[in-house]
Amino acid sequence: MSVFLTSVSSVVEIVLIMALGYILRRNNWFADSFGGNIASLITKIALPASIFMSVMKYLTKDKLMGLGIGIIFPALAVIVSYLVAFLAVKLFKIRPGRRGIFINAVANANTIFIGMPLNTALFGNKAMSYFLIYYIVNTVSTWAFGVYLIQNDDPTADGKKERGKINWAKLLPMPLVGFIFSIIWLLIGIPVPNFLGQTLTYVGSLVTPLSLIYIGIVLYDAGLNNFRFERDSILALIGRFIISPLVLIILIKFGMGLGVHLPSLMRQTLVVQSATPMLAVLPILAKEAHGDVKYATDVVVMSTVLFVVVVPILMAILQFV
């Protein structure tokens, strides 16, 4: 029951911050340009800082070297989820501006803000090293490939102009640069000066509240009357809550059949993380790429709220993993 209450509490916190953004926008606290300003601040400054400090806080050199074979299963699961999502885009003819969002919704999860507190409530701190396995896979997947798909799904882009040019901003987005830099820093073993660590922690802590406030702004601008379960949203929810964990469970079972042993706690942790809601920054990334921000907002809000229902089902499934 305490785990269920933890998940409900996490969702309520998220909804309240979204509501704050909605109310402030309705009362004209924010100019029309505020959303774009938030998007730039988060993707170029706050997210790299957040990722860097997360690596410094939760990883050590020994933990990084000891992740071992466990990392193969979530990595393969994410790859398969990408392939399934690509196939769904073709099969269901998902339109430009939504394709990159949809694929990310299926393949990548909100591991830090929802996944980590839920995992701690379920399994305690002893599962933190297993959580880090999924966190690393998810971070690399999102910022090395996922964001690239969204940026290249810009419906306003001129494909002929872009052809033949290498856009390093797309190939190396700042959050990925932050992750690479943090791993190098970790391996070198240089301690982070206290003043720098505190500064980056404060800046990085802006990511979640600003992302959720932005979602509230988008909800107001779009109108709550237009918030509905449409085909593309339902497909994304099926991909996130059913396909993604199912693929990982099948791979784990297949590996066990081949004699690859993973501790029970590791298996359960990885499955929990594979079924967490969609990235809170999806609407921000969609805004940056001139994509369908309303669609991104819909799927993030839906997946976050529905996660309250998913948690008890997930807990029942875990005993068979």
# chains A, B, ... in the order shown; residues from 1 in each chain; ligands from 1
>>> closest_atom_pairs(of="stretch 79-132 of chain A", to="stretch 283-305 of chain A", cutoff="8 Å", atoms="only C-alpha atoms", output="JSON lines")
{"residue": "A:Pro96", "atom": "CA", "partner": "A:Gly291", "partner_atom": "CA", "distance": 7.8}
{"residue": "A:Gly97", "atom": "CA", "partner": "A:Gly291", "partner_atom": "CA", "distance": 4.1}
{"residue": "A:Arg98", "atom": "CA", "partner": "A:Asp292", "partner_atom": "CA", "distance": 5.8}
{"residue": "A:Ile101", "atom": "CA", "partner": "A:Ala296", "partner_atom": "CA", "distance": 6.3}
{"residue": "A:Ala105", "atom": "CA", "partner": "A:Val299", "partner_atom": "CA", "distance": 7.7}
>>> write_last_selection(atoms="N, CA and C atoms", output="tab-separated table (two decimals), in the first residue's frame")
chain	number	residue	atom	x	y	z
A	96	PRO	N	4.33	13.76	-39.89
A	96	PRO	CA	5.52	14.52	-39.50
A	96	PRO	C	5.20	15.50	-38.38
A	97	GLY	N	6.16	15.70	-37.50
A	97	GLY	CA	5.94	16.54	-36.34
A	97	GLY	C	5.54	15.74	-35.11
A	98	ARG	N	5.06	14.50	-35.36
A	98	ARG	CA	4.70	13.59	-34.27
A	98	ARG	C	5.59	12.36	-34.22
A	101	ILE	N	8.42	12.30	-31.63
A	101	ILE	CA	7.81	12.30	-30.29
A	101	ILE	C	7.28	10.90	-29.98
A	105	ALA	N	8.42	8.41	-27.05
A	105	ALA	CA	7.42	8.03	-26.05
A	105	ALA	C	7.44	6.52	-25.80
>>> residues_around(residues="A:Leu314", least_positions_apart="6", cutoff="12 Å", atoms="only C-alpha atoms", output="PyMOL selection string")
chain A and resi 3-4+7+118-119+122+241-242+245-246+249+268-276+307-308+320-321
>>> closest_atom_pairs(of="stretch 25-108 of chain A", to="stretch 176-198 of chain A", cutoff="8 Å", atoms="only C-alpha atoms", output="Markdown table")
| residue | atom | partner | partner_atom | distance |
| --- | --- | --- | --- | --- |
| A:Pro48 | CA | A:Gly178 | CA | 4.5 |
| A:Ala49 | CA | A:Gly178 | CA | 6.8 |
| A:Ile51 | CA | A:Phe179 | CA | 5.9 |
| A:Phe52 | CA | A:Ser182 | CA | 5.0 |
| A:Met53 | CA | A:Gly197 | CA | 7.1 |
| A:Val55 | CA | A:Ser182 | CA | 6.5 |
| A:Met56 | CA | A:Leu186 | CA | 7.0 |
| A:Thr60 | CA | A:Leu186 | CA | 7.0 |
| A:Lys61 | CA | A:Leu187 | CA | 6.0 |
>>> write_last_selection(atoms="N, CA and C atoms", output="PDB file, in the first residue's frame")
ATOM      1  N   PRO A  48      22.019  19.606 -19.092  1.00  0.00           N
ATOM      2  CA  PRO A  48      23.413  19.147 -18.966  1.00  0.00           C
ATOM      3  C   PRO A  48      23.912  19.187 -17.517  1.00  0.00           C
ATOM      4  N   ALA A  49      23.534  20.243 -16.793  1.00  0.00           N
ATOM      5  CA  ALA A  49      23.945  20.351 -15.387  1.00  0.00           C
ATOM      6  C   ALA A  49      23.325  19.242 -14.555  1.00  0.00           C
ATOM      7  N   ILE A  51      22.238  16.246 -15.573  1.00  0.00           N
ATOM      8  CA  ILE A  51      22.817  14.944 -15.927  1.00  0.00           C
ATOM      9  C   ILE A  51      24.212  14.794 -15.321  1.00  0.00           C
ATOM     10  N   PHE A  52      25.004  15.844 -15.388  1.00  0.00           N
ATOM     11  CA  PHE A  52      26.358  15.793 -14.826  1.00  0.00           C
ATOM     12  C   PHE A  52      26.319  15.482 -13.330  1.00  0.00           C
ATOM     13  N   MET A  53      25.460  16.193 -12.593  1.00  0.00           N
ATOM     14  CA  MET A  53      25.408  15.996 -11.150  1.00  0.00           C
ATOM     15  C   MET A  53      24.766  14.660 -10.780  1.00  0.00           C
ATOM     16  N   VAL A  55      25.177  11.846 -12.450  1.00  0.00           N
ATOM     17  CA  VAL A  55      26.267  10.882 -12.610  1.00  0.00           C
ATOM     18  C   VAL A  55      27.232  10.980 -11.424  1.00  0.00           C
ATOM     19  N   MET A  56      27.573  12.197 -11.032  1.00  0.00           N
ATOM     20  CA  MET A  56      28.492  12.384  -9.911  1.00  0.00           C
ATOM     21  C   MET A  56      27.905  11.856  -8.602  1.00  0.00           C
ATOM     22  N   THR A  60      29.912   5.677  -9.231  1.00  0.00           N
ATOM     23  CA  THR A  60      31.333   5.710  -8.889  1.00  0.00           C
ATOM     24  C   THR A  60      32.064   4.956  -9.989  1.00  0.00           C
ATOM     25  N   LYS A  61      33.383   5.080  -9.987  1.00  0.00           N
ATOM     26  CA  LYS A  61      34.160   4.372 -11.006  1.00  0.00           C
ATOM     27  C   LYS A  61      33.957   2.863 -10.884  1.00  0.00           C
TER      28      LYS A  61
END
>>> select_by_dssp(residues="stretch 105-203 of chain A", states="alpha helix (DSSP H)", output="VMD selection string")
chain A and resid 105 to 107 116 to 123 128 to 141 147 to 151 159 to 162 168 to 171 174 to 188 194 to 203
>>> closest_residue(among="A:Leu210, A:Met278, A:Val84, A:Ile103", to="A:Asp153", atoms="only C-alpha atoms")
A:Ile103
>>> residues_around(residues="A:Arg231", least_positions_apart="4", cutoff="12 Å", atoms="only C-alpha atoms", output="list in words")
Ala88, Phe92, Lys93, Ile94, Phe102, Leu235, Ala236, Leu237, Ile238, Tyr295, Asp298 and Val299 of chain A
>>> write_last_selection(atoms="C-alpha atoms", output="PDB file, in the first residue's frame")
ATOM      1  CA  ALA A  88       4.242   1.570 -35.969  1.00  0.00           C
ATOM      2  CA  PHE A  92      -0.213   3.715 -38.824  1.00  0.00           C
ATOM      3  CA  LYS A  93       1.088   6.596 -40.979  1.00  0.00           C
ATOM      4  CA  ILE A  94       1.870   8.896 -38.076  1.00  0.00           C
ATOM      5  CA  PHE A 102       5.994   8.985 -30.736  1.00  0.00           C
ATOM      6  CA  LEU A 235      -0.679   3.908 -29.548  1.00  0.00           C
ATOM      7  CA  ALA A 236       2.061   5.759 -27.635  1.00  0.00           C
ATOM      8  CA  LEU A 237       0.573   4.670 -24.292  1.00  0.00           C
ATOM      9  CA  ILE A 238       0.418   1.043 -25.455  1.00  0.00           C
ATOM     10  CA  TYR A 295       0.556  15.932 -28.945  1.00  0.00           C
ATOM     11  CA  ASP A 298      -1.039  15.057 -24.230  1.00  0.00           C
ATOM     12  CA  VAL A 299       1.037  11.868 -24.101  1.00  0.00           C
TER      13      VAL A 299
END
